[in-house]
file upload04.cif (mmCIF, N, CA and C atoms)
data_upload
loop_
_atom_site.label_atom_id
_atom_site.label_comp_id
_atom_site.auth_asym_id
_atom_site.auth_seq_id
_atom_site.Cartn_x
_atom_site.Cartn_y
_atom_site.Cartn_z
N MET A 1 -128.40 34.87 -57.21
CA MET A 1 -128.35 33.47 -57.54
C MET A 1 -127.55 33.25 -58.81
N THR A 2 -127.63 34.18 -59.73
CA THR A 2 -126.88 34.05 -60.97
C THR A 2 -125.39 34.01 -60.69
N SER A 3 -124.95 34.86 -59.78
CA SER A 3 -123.54 34.90 -59.43
C SER A 3 -123.08 33.56 -58.86
N SER A 4 -123.88 32.99 -57.97
CA SER A 4 -123.55 31.70 -57.37
C SER A 4 -123.50 30.61 -58.44
N PHE A 5 -124.41 30.67 -59.36
CA PHE A 5 -124.44 29.69 -60.45
C PHE A 5 -123.16 29.77 -61.28
N ARG A 6 -122.71 30.99 -61.57
CA ARG A 6 -121.49 31.16 -62.35
C ARG A 6 -120.29 30.58 -61.61
N ASN A 7 -120.20 30.83 -60.31
CA ASN A 7 -119.09 30.29 -59.54
C ASN A 7 -119.09 28.77 -59.54
N THR A 8 -120.27 28.18 -59.38
CA THR A 8 -120.37 26.72 -59.40
C THR A 8 -119.97 26.19 -60.77
N ARG A 9 -120.48 26.84 -61.79
CA ARG A 9 -120.15 26.41 -63.15
C ARG A 9 -118.64 26.54 -63.39
N PHE A 10 -118.08 27.65 -62.96
CA PHE A 10 -116.65 27.88 -63.11
C PHE A 10 -115.86 26.79 -62.38
N SER A 11 -116.26 26.48 -61.15
CA SER A 11 -115.60 25.44 -60.37
C SER A 11 -115.69 24.09 -61.06
N ASN A 12 -116.86 23.79 -61.62
CA ASN A 12 -117.04 22.51 -62.31
C ASN A 12 -116.16 22.41 -63.56
N GLU A 13 -115.89 23.55 -64.19
CA GLU A 13 -115.04 23.54 -65.38
C GLU A 13 -113.56 23.48 -64.99
N ILE A 14 -113.19 24.12 -63.91
CA ILE A 14 -111.80 24.18 -63.48
C ILE A 14 -111.34 22.87 -62.83
N LEU A 15 -112.21 22.22 -62.10
CA LEU A 15 -111.84 21.00 -61.39
C LEU A 15 -111.22 19.95 -62.31
N PRO A 16 -111.85 19.60 -63.43
CA PRO A 16 -111.21 18.62 -64.32
C PRO A 16 -109.86 19.11 -64.86
N PHE A 17 -109.76 20.42 -65.11
CA PHE A 17 -108.51 20.99 -65.58
C PHE A 17 -107.42 20.83 -64.51
N SER A 18 -107.76 21.09 -63.26
CA SER A 18 -106.81 20.93 -62.16
C SER A 18 -106.36 19.48 -62.04
N ARG A 19 -107.32 18.57 -62.16
CA ARG A 19 -106.97 17.14 -62.10
C ARG A 19 -106.04 16.77 -63.26
N ALA A 20 -106.29 17.33 -64.42
CA ALA A 20 -105.45 17.05 -65.59
C ALA A 20 -104.02 17.56 -65.35
N ILE A 21 -103.90 18.73 -64.75
CA ILE A 21 -102.57 19.29 -64.43
C ILE A 21 -101.83 18.37 -63.47
N ILE A 22 -102.51 17.92 -62.43
CA ILE A 22 -101.90 17.01 -61.45
C ILE A 22 -101.44 15.73 -62.15
N GLN A 23 -102.27 15.18 -63.02
CA GLN A 23 -101.92 13.96 -63.74
C GLN A 23 -100.72 14.19 -64.67
N LEU A 24 -100.68 15.35 -65.31
CA LEU A 24 -99.54 15.67 -66.17
C LEU A 24 -98.24 15.74 -65.37
N LYS A 25 -98.29 16.31 -64.18
CA LYS A 25 -97.10 16.38 -63.33
C LYS A 25 -96.64 14.99 -62.94
N LYS A 26 -97.58 14.11 -62.59
CA LYS A 26 -97.23 12.73 -62.25
C LYS A 26 -96.61 12.03 -63.46
N THR A 27 -97.20 12.24 -64.63
CA THR A 27 -96.68 11.62 -65.85
C THR A 27 -95.28 12.14 -66.17
N ARG A 28 -95.08 13.45 -66.01
CA ARG A 28 -93.76 14.03 -66.25
C ARG A 28 -92.72 13.41 -65.33
N ASN A 29 -93.05 13.25 -64.05
CA ASN A 29 -92.11 12.64 -63.11
C ASN A 29 -91.82 11.19 -63.48
N LEU A 30 -92.84 10.46 -63.90
CA LEU A 30 -92.65 9.08 -64.33
C LEU A 30 -91.74 9.02 -65.55
N LEU A 31 -91.98 9.90 -66.52
CA LEU A 31 -91.14 9.93 -67.72
C LEU A 31 -89.69 10.25 -67.37
N ARG A 32 -89.48 11.15 -66.43
CA ARG A 32 -88.11 11.45 -66.00
C ARG A 32 -87.43 10.20 -65.45
N ARG A 33 -88.16 9.42 -64.65
CA ARG A 33 -87.60 8.18 -64.11
C ARG A 33 -87.29 7.19 -65.23
N ILE A 34 -88.19 7.07 -66.19
CA ILE A 34 -87.97 6.14 -67.31
C ILE A 34 -86.77 6.56 -68.13
N ILE A 35 -86.67 7.85 -68.44
CA ILE A 35 -85.53 8.36 -69.20
C ILE A 35 -84.25 8.10 -68.43
N HIS A 36 -84.26 8.36 -67.13
CA HIS A 36 -83.08 8.14 -66.31
C HIS A 36 -82.67 6.67 -66.34
N MET A 37 -83.65 5.76 -66.26
CA MET A 37 -83.35 4.34 -66.25
C MET A 37 -82.78 3.89 -67.59
N SER A 38 -83.10 4.57 -68.68
CA SER A 38 -82.63 4.14 -69.97
C SER A 38 -81.40 4.90 -70.45
N VAL A 39 -80.64 5.50 -69.54
CA VAL A 39 -79.40 6.17 -69.91
C VAL A 39 -78.47 5.15 -70.56
N PHE A 40 -78.41 3.96 -70.00
CA PHE A 40 -77.57 2.90 -70.54
C PHE A 40 -78.43 1.97 -71.38
N PRO A 41 -77.85 1.42 -72.46
CA PRO A 41 -78.63 0.52 -73.32
C PRO A 41 -79.00 -0.78 -72.60
N GLU A 42 -79.93 -1.48 -73.18
CA GLU A 42 -80.46 -2.72 -72.60
C GLU A 42 -79.35 -3.70 -72.21
N ILE A 43 -78.33 -3.83 -73.04
CA ILE A 43 -77.25 -4.78 -72.76
C ILE A 43 -76.57 -4.49 -71.42
N ILE A 44 -76.49 -3.24 -71.04
CA ILE A 44 -75.85 -2.85 -69.77
C ILE A 44 -76.77 -3.18 -68.60
N ARG A 45 -78.07 -3.13 -68.82
CA ARG A 45 -78.99 -3.40 -67.72
C ARG A 45 -78.97 -4.86 -67.28
N HIS A 46 -78.22 -5.70 -68.02
CA HIS A 46 -78.04 -7.10 -67.62
C HIS A 46 -76.81 -7.27 -66.72
N VAL A 47 -75.98 -6.24 -66.63
CA VAL A 47 -74.80 -6.29 -65.76
C VAL A 47 -75.30 -6.28 -64.32
N PRO A 48 -74.73 -7.12 -63.45
CA PRO A 48 -75.21 -7.19 -62.06
C PRO A 48 -75.17 -5.83 -61.35
N GLN A 49 -76.21 -5.56 -60.61
CA GLN A 49 -76.33 -4.31 -59.86
C GLN A 49 -75.84 -4.53 -58.44
N ARG A 50 -75.09 -3.55 -57.92
CA ARG A 50 -74.59 -3.61 -56.54
C ARG A 50 -75.31 -2.54 -55.73
N ASP A 51 -75.78 -2.93 -54.56
CA ASP A 51 -76.50 -2.00 -53.68
C ASP A 51 -75.53 -1.38 -52.68
N TYR A 52 -75.34 -0.08 -52.78
CA TYR A 52 -74.48 0.64 -51.85
C TYR A 52 -75.29 1.27 -50.72
N GLY A 53 -76.60 1.06 -50.74
CA GLY A 53 -77.45 1.62 -49.69
C GLY A 53 -77.65 3.12 -49.78
N ILE A 54 -77.44 3.68 -50.97
CA ILE A 54 -77.61 5.12 -51.18
C ILE A 54 -78.83 5.32 -52.06
N GLU A 55 -79.84 5.98 -51.52
CA GLU A 55 -81.09 6.20 -52.26
C GLU A 55 -80.82 7.04 -53.51
N GLY A 56 -81.37 6.58 -54.63
CA GLY A 56 -81.23 7.31 -55.88
C GLY A 56 -79.98 6.98 -56.67
N LEU A 57 -79.13 6.08 -56.15
CA LEU A 57 -77.89 5.70 -56.83
C LEU A 57 -78.02 4.28 -57.37
N THR A 58 -77.72 4.11 -58.66
CA THR A 58 -77.71 2.79 -59.27
C THR A 58 -76.31 2.52 -59.78
N VAL A 59 -75.75 1.38 -59.37
CA VAL A 59 -74.39 1.01 -59.78
C VAL A 59 -74.42 -0.42 -60.30
N ARG A 60 -73.96 -0.59 -61.53
CA ARG A 60 -73.81 -1.93 -62.10
C ARG A 60 -72.32 -2.18 -62.23
N VAL A 61 -71.87 -3.38 -61.83
CA VAL A 61 -70.45 -3.68 -61.72
C VAL A 61 -70.11 -4.90 -62.55
N ASP A 62 -69.07 -4.77 -63.38
CA ASP A 62 -68.60 -5.88 -64.20
C ASP A 62 -67.10 -6.03 -63.98
N HIS A 63 -66.71 -7.15 -63.39
CA HIS A 63 -65.29 -7.41 -63.13
C HIS A 63 -64.66 -8.04 -64.36
N THR A 64 -63.48 -7.56 -64.72
CA THR A 64 -62.71 -8.16 -65.82
C THR A 64 -61.42 -8.72 -65.23
N SER A 65 -60.61 -9.33 -66.06
CA SER A 65 -59.35 -9.89 -65.55
C SER A 65 -58.34 -8.80 -65.22
N THR A 66 -58.55 -7.59 -65.71
CA THR A 66 -57.58 -6.51 -65.48
C THR A 66 -58.12 -5.34 -64.67
N GLY A 67 -59.41 -5.27 -64.49
CA GLY A 67 -59.99 -4.14 -63.76
C GLY A 67 -61.48 -4.33 -63.56
N THR A 68 -62.13 -3.27 -63.10
CA THR A 68 -63.57 -3.32 -62.84
C THR A 68 -64.24 -2.16 -63.56
N VAL A 69 -65.35 -2.46 -64.24
CA VAL A 69 -66.12 -1.44 -64.94
C VAL A 69 -67.39 -1.17 -64.14
N TYR A 70 -67.64 0.12 -63.89
CA TYR A 70 -68.83 0.55 -63.15
C TYR A 70 -69.71 1.38 -64.08
N PHE A 71 -70.99 1.09 -64.09
CA PHE A 71 -71.99 1.89 -64.79
C PHE A 71 -72.81 2.55 -63.69
N VAL A 72 -72.64 3.85 -63.52
CA VAL A 72 -73.20 4.57 -62.38
C VAL A 72 -74.23 5.59 -62.86
N SER A 73 -75.38 5.64 -62.19
CA SER A 73 -76.35 6.69 -62.47
C SER A 73 -76.96 7.18 -61.17
N ALA A 74 -77.21 8.48 -61.12
CA ALA A 74 -77.76 9.11 -59.92
C ALA A 74 -79.08 9.78 -60.26
N GLU A 75 -80.14 9.30 -59.64
CA GLU A 75 -81.46 9.91 -59.82
C GLU A 75 -81.57 11.20 -59.01
N LYS A 76 -80.87 11.21 -57.87
CA LYS A 76 -80.84 12.38 -56.98
C LYS A 76 -79.38 12.80 -56.82
N GLU A 77 -79.17 13.97 -56.22
CA GLU A 77 -77.80 14.38 -55.92
C GLU A 77 -77.20 13.42 -54.90
N VAL A 78 -75.97 12.98 -55.16
CA VAL A 78 -75.27 12.06 -54.26
C VAL A 78 -73.87 12.61 -54.01
N HIS A 79 -73.47 12.66 -52.74
CA HIS A 79 -72.13 13.15 -52.39
C HIS A 79 -71.31 12.02 -51.78
N PHE A 80 -70.11 11.83 -52.30
CA PHE A 80 -69.16 10.87 -51.73
C PHE A 80 -68.07 11.68 -51.04
N PRO A 81 -67.94 11.53 -49.72
CA PRO A 81 -66.90 12.26 -49.00
C PRO A 81 -65.51 11.79 -49.43
N GLU A 82 -64.50 12.48 -48.95
CA GLU A 82 -63.12 12.18 -49.35
C GLU A 82 -62.79 10.70 -49.17
N HIS A 83 -62.18 10.12 -50.20
CA HIS A 83 -61.79 8.71 -50.20
C HIS A 83 -60.70 8.52 -51.26
N ALA A 84 -60.13 7.33 -51.31
CA ALA A 84 -59.11 7.00 -52.30
C ALA A 84 -59.28 5.54 -52.72
N HIS A 85 -58.81 5.21 -53.90
CA HIS A 85 -58.88 3.84 -54.42
C HIS A 85 -57.89 3.72 -55.57
N ALA A 86 -57.90 2.59 -56.25
CA ALA A 86 -57.03 2.38 -57.40
C ALA A 86 -57.32 3.42 -58.48
N GLU A 87 -56.41 3.53 -59.46
CA GLU A 87 -56.59 4.50 -60.54
C GLU A 87 -57.93 4.30 -61.23
N GLN A 88 -58.58 5.42 -61.57
CA GLN A 88 -59.92 5.38 -62.17
C GLN A 88 -59.97 6.30 -63.39
N TRP A 89 -60.52 5.78 -64.48
CA TRP A 89 -60.80 6.57 -65.67
C TRP A 89 -62.31 6.65 -65.81
N THR A 90 -62.84 7.85 -66.05
CA THR A 90 -64.29 8.05 -66.11
C THR A 90 -64.67 8.81 -67.37
N ILE A 91 -65.79 8.41 -67.97
CA ILE A 91 -66.41 9.19 -69.03
C ILE A 91 -67.82 9.54 -68.57
N VAL A 92 -68.17 10.81 -68.66
CA VAL A 92 -69.49 11.27 -68.23
C VAL A 92 -70.48 11.04 -69.38
N VAL A 93 -71.52 10.27 -69.09
CA VAL A 93 -72.53 9.92 -70.09
C VAL A 93 -73.62 10.98 -70.15
N SER A 94 -74.05 11.48 -68.98
CA SER A 94 -75.07 12.53 -68.95
C SER A 94 -74.98 13.29 -67.63
N GLY A 95 -75.54 14.49 -67.62
CA GLY A 95 -75.55 15.29 -66.40
C GLY A 95 -74.19 15.90 -66.10
N LYS A 96 -74.00 16.22 -64.81
CA LYS A 96 -72.71 16.80 -64.40
C LYS A 96 -72.35 16.35 -63.00
N CYS A 97 -71.04 16.45 -62.70
CA CYS A 97 -70.53 16.13 -61.37
C CYS A 97 -69.50 17.18 -60.99
N LEU A 98 -69.22 17.26 -59.69
CA LEU A 98 -68.20 18.16 -59.17
C LEU A 98 -67.16 17.31 -58.47
N LEU A 99 -65.94 17.32 -58.98
CA LEU A 99 -64.84 16.52 -58.46
C LEU A 99 -63.83 17.43 -57.79
N THR A 100 -63.49 17.12 -56.53
CA THR A 100 -62.51 17.91 -55.79
C THR A 100 -61.28 17.07 -55.51
N MET A 101 -60.12 17.55 -55.97
CA MET A 101 -58.82 16.93 -55.69
C MET A 101 -57.83 18.06 -55.42
N ASP A 102 -56.96 17.85 -54.47
CA ASP A 102 -55.93 18.85 -54.13
C ASP A 102 -56.53 20.23 -53.86
N GLY A 103 -57.72 20.27 -53.29
CA GLY A 103 -58.36 21.53 -52.93
C GLY A 103 -59.03 22.27 -54.08
N ALA A 104 -58.93 21.74 -55.29
CA ALA A 104 -59.56 22.39 -56.46
C ALA A 104 -60.77 21.57 -56.90
N THR A 105 -61.87 22.27 -57.17
CA THR A 105 -63.10 21.61 -57.63
C THR A 105 -63.31 21.92 -59.10
N ARG A 106 -63.54 20.86 -59.87
CA ARG A 106 -63.83 21.01 -61.30
C ARG A 106 -65.18 20.39 -61.60
N THR A 107 -65.87 20.96 -62.57
CA THR A 107 -67.16 20.44 -63.02
C THR A 107 -66.94 19.67 -64.32
N TYR A 108 -67.50 18.47 -64.38
CA TYR A 108 -67.45 17.65 -65.58
C TYR A 108 -68.88 17.38 -66.03
N GLN A 109 -69.08 17.37 -67.35
CA GLN A 109 -70.42 17.12 -67.88
C GLN A 109 -70.34 16.19 -69.09
N GLN A 110 -71.50 15.91 -69.67
CA GLN A 110 -71.62 14.93 -70.74
C GLN A 110 -70.49 15.05 -71.76
N GLY A 111 -69.82 13.90 -72.01
CA GLY A 111 -68.73 13.85 -72.98
C GLY A 111 -67.35 14.07 -72.39
N ASP A 112 -67.27 14.63 -71.18
CA ASP A 112 -65.98 14.85 -70.53
C ASP A 112 -65.42 13.54 -69.99
N THR A 113 -64.10 13.48 -69.91
CA THR A 113 -63.43 12.36 -69.26
C THR A 113 -62.47 12.91 -68.22
N TYR A 114 -62.17 12.09 -67.23
CA TYR A 114 -61.16 12.47 -66.26
C TYR A 114 -60.51 11.22 -65.68
N VAL A 115 -59.31 11.40 -65.14
CA VAL A 115 -58.56 10.31 -64.51
C VAL A 115 -58.28 10.71 -63.07
N ILE A 116 -58.52 9.78 -62.17
CA ILE A 116 -58.15 9.97 -60.76
C ILE A 116 -56.98 9.02 -60.52
N PRO A 117 -55.79 9.57 -60.24
CA PRO A 117 -54.63 8.70 -60.00
C PRO A 117 -54.87 7.75 -58.83
N GLY A 118 -54.20 6.61 -58.86
CA GLY A 118 -54.33 5.63 -57.79
C GLY A 118 -53.97 6.20 -56.44
N ASN A 119 -54.75 5.87 -55.43
CA ASN A 119 -54.56 6.29 -54.04
C ASN A 119 -54.60 7.81 -53.84
N LYS A 120 -55.18 8.53 -54.80
CA LYS A 120 -55.31 9.99 -54.70
C LYS A 120 -56.61 10.32 -53.97
N LYS A 121 -56.51 11.05 -52.86
CA LYS A 121 -57.72 11.43 -52.12
C LYS A 121 -58.54 12.42 -52.95
N HIS A 122 -59.85 12.20 -52.94
CA HIS A 122 -60.76 13.06 -53.70
C HIS A 122 -62.16 12.92 -53.12
N GLN A 123 -63.01 13.86 -53.47
CA GLN A 123 -64.44 13.75 -53.14
C GLN A 123 -65.22 14.16 -54.37
N ILE A 124 -66.46 13.67 -54.46
CA ILE A 124 -67.23 13.93 -55.66
C ILE A 124 -68.71 14.06 -55.33
N THR A 125 -69.37 14.96 -56.04
CA THR A 125 -70.82 15.12 -55.94
C THR A 125 -71.40 14.85 -57.32
N LEU A 126 -72.33 13.89 -57.38
CA LEU A 126 -73.04 13.57 -58.61
C LEU A 126 -74.36 14.33 -58.57
N CYS A 127 -74.62 15.15 -59.56
CA CYS A 127 -75.88 15.89 -59.61
C CYS A 127 -77.01 14.98 -60.09
N ALA A 128 -78.24 15.33 -59.76
CA ALA A 128 -79.39 14.54 -60.20
C ALA A 128 -79.38 14.41 -61.72
N GLY A 129 -79.62 13.20 -62.21
CA GLY A 129 -79.62 12.95 -63.65
C GLY A 129 -78.26 12.60 -64.22
N TYR A 130 -77.28 12.39 -63.34
CA TYR A 130 -75.91 12.11 -63.76
C TYR A 130 -75.73 10.62 -64.08
N ALA A 131 -74.88 10.33 -65.07
CA ALA A 131 -74.50 8.95 -65.37
C ALA A 131 -73.06 8.94 -65.87
N GLU A 132 -72.33 7.88 -65.51
CA GLU A 132 -70.93 7.76 -65.92
C GLU A 132 -70.57 6.29 -66.10
N VAL A 133 -69.47 6.07 -66.82
CA VAL A 133 -68.86 4.76 -66.91
C VAL A 133 -67.46 4.91 -66.36
N ASP A 134 -67.10 4.06 -65.39
CA ASP A 134 -65.77 4.10 -64.77
C ASP A 134 -65.03 2.81 -65.07
N TYR A 135 -63.73 2.94 -65.26
CA TYR A 135 -62.86 1.77 -65.29
C TYR A 135 -61.88 1.97 -64.15
N VAL A 136 -61.87 1.04 -63.19
CA VAL A 136 -60.97 1.12 -62.05
C VAL A 136 -59.93 0.03 -62.21
N ASP A 137 -58.67 0.42 -62.09
CA ASP A 137 -57.53 -0.47 -62.32
C ASP A 137 -57.32 -1.44 -61.16
N ASP A 138 -58.32 -2.24 -60.90
CA ASP A 138 -58.25 -3.22 -59.82
C ASP A 138 -59.29 -4.31 -60.11
N PRO A 139 -58.85 -5.48 -60.57
CA PRO A 139 -59.82 -6.53 -60.92
C PRO A 139 -60.63 -7.04 -59.74
N CYS A 140 -60.16 -6.82 -58.54
CA CYS A 140 -60.86 -7.32 -57.34
C CYS A 140 -61.46 -6.19 -56.53
N ASP A 141 -61.60 -5.02 -57.14
CA ASP A 141 -62.09 -3.85 -56.41
C ASP A 141 -63.49 -4.10 -55.88
N GLY A 142 -63.61 -4.21 -54.56
CA GLY A 142 -64.91 -4.44 -53.95
C GLY A 142 -65.50 -3.18 -53.39
N GLU A 143 -64.76 -2.11 -53.39
CA GLU A 143 -65.22 -0.83 -52.83
C GLU A 143 -65.12 0.23 -53.91
N ALA A 144 -65.95 1.26 -53.79
CA ALA A 144 -65.86 2.39 -54.73
C ALA A 144 -65.88 3.68 -53.96
#
call {"tool": "encode", "arguments": {"input": "upload04.cif", "output": "structure tokens"}}
result
Amino acid sequence: MTSSFRNTRFSNEILPFSRAIIQLKKTRNLLRRIIHMSVFPEIIRHVPQRDYGIEGLTVRVDHTSTGTVYFVSAEKEVHFPEHAHAEQWTIVVSGKCLLTMDGATRTYQQGDTYVIPGNKKHQITLCAGYAEVDYVDDPCDGEA
């Protein structure tokens, strides 16, 4: 009976600990989402958001008289198959991406910049936690 009592006591002590671990994991995941959402400052979160129908991708678009500015963040990995558009200049705010042009793949990460020439075919994979600011040389650019 003593042995059974110890097991019950042990279970009663471990159960709250297990619940605490589960709660910590939920809190950690929530904090990751909050941190991801605050990659851009509050002023940027007022820029209109465009829905591309891609889960985990947030895109805010601001049209200017000379081009279009995109504030892009990826909560999950997102892959864009080969496509082309007007010239694009990008600065990586956080995370990393893999850009393929002319058969060569390069990795860009926080602080890096790159230019995609106009009408140049390319494909890109945004890793989870990635954020960038793009300027596309097309004031009426409705596609990305």
call {"tool": "atom_distance", "arguments": {"input": "upload04.cif", "atom1": "atom CA of Tyr52 of chain A", "atom2": "atom C of Val93 of chain A"}}
result
21.0 Å
call {"tool": "residues_around", "arguments": {"input": "upload04.cif", "residues": "Val59 of chain A", "least_positions_apart": "6", "cutoff": "7 Å", "atoms": "only N, CA and C atoms", "output": "list in words"}}
result
Pro48, Gln49, Arg50, Asp51, Tyr52, Tyr70, Phe71, Val72 and Ser73 of chain A
call {"tool": "write_last_selection", "arguments": {"input": "upload04.cif", "atoms": "N, CA and C atoms", "output": "mmCIF file, in the frame of the given file"}}
result
data_model
loop_
_atom_site.group_PDB
_atom_site.id
_atom_site.type_symbol
_atom_site.label_atom_id
_atom_site.label_comp_id
_atom_site.auth_asym_id
_atom_site.auth_seq_id
_atom_site.Cartn_x
_atom_site.Cartn_y
_atom_site.Cartn_z
ATOM 1 N N PRO A 48 -74.730 -7.120 -63.450
ATOM 2 C CA PRO A 48 -75.210 -7.190 -62.060
ATOM 3 C C PRO A 48 -75.170 -5.830 -61.350
ATOM 4 N N GLN A 49 -76.210 -5.560 -60.610
ATOM 5 C CA GLN A 49 -76.330 -4.310 -59.860
ATOM 6 C C GLN A 49 -75.840 -4.530 -58.440
ATOM 7 N N ARG A 50 -75.090 -3.550 -57.920
ATOM 8 C CA ARG A 50 -74.590 -3.610 -56.540
ATOM 9 C C ARG A 50 -75.310 -2.540 -55.730
ATOM 10 N N ASP A 51 -75.780 -2.930 -54.560
ATOM 11 C CA ASP A 51 -76.500 -2.000 -53.680
ATOM 12 C C ASP A 51 -75.530 -1.380 -52.680
ATOM 13 N N TYR A 52 -75.340 -0.080 -52.780
ATOM 14 C CA TYR A 52 -74.480 0.640 -51.850
ATOM 15 C C TYR A 52 -75.290 1.270 -50.720
ATOM 16 N N TYR A 70 -67.640 0.120 -63.890
ATOM 17 C CA TYR A 70 -68.830 0.550 -63.150
ATOM 18 C C TYR A 70 -69.710 1.380 -64.080
ATOM 19 N N PHE A 71 -70.990 1.090 -64.090
ATOM 20 C CA PHE A 71 -71.990 1.890 -64.790
ATOM 21 C C PHE A 71 -72.810 2.550 -63.690
ATOM 22 N N VAL A 72 -72.640 3.850 -63.520
ATOM 23 C CA VAL A 72 -73.200 4.570 -62.380
ATOM 24 C C VAL A 72 -74.230 5.590 -62.860
ATOM 25 N N SER A 73 -75.380 5.640 -62.190
ATOM 26 C CA SER A 73 -76.350 6.690 -62.470
ATOM 27 C C SER A 73 -76.960 7.180 -61.170
#
call {"tool": "residues_around", "arguments": {"input": "upload04.cif", "residues": "Cys127 of chain A", "least_positions_apart": "4", "cutoff": "12 Å", "atoms": "only C-alpha atoms", "output": "MDAnalysis selection string"}}
result
chainID A and resid 56:57 72:80 92 94:99 107:110 131:132
call {"tool": "resolve_selection", "arguments": {"input": "upload04.cif", "expression": "the PyMOL selection byres ((chain A and resi 138) around 7)", "output": "PyMOL selection string"}}
result
chain A and resi 65-68+86-87+135-137+139-141
call {"tool": "atom_distance", "arguments": {"input": "upload04.cif", "atom1": "atom CA of Gly111 of chain A", "atom2": "atom CA of Pro41 of chain A"}}
result
16.6 Å
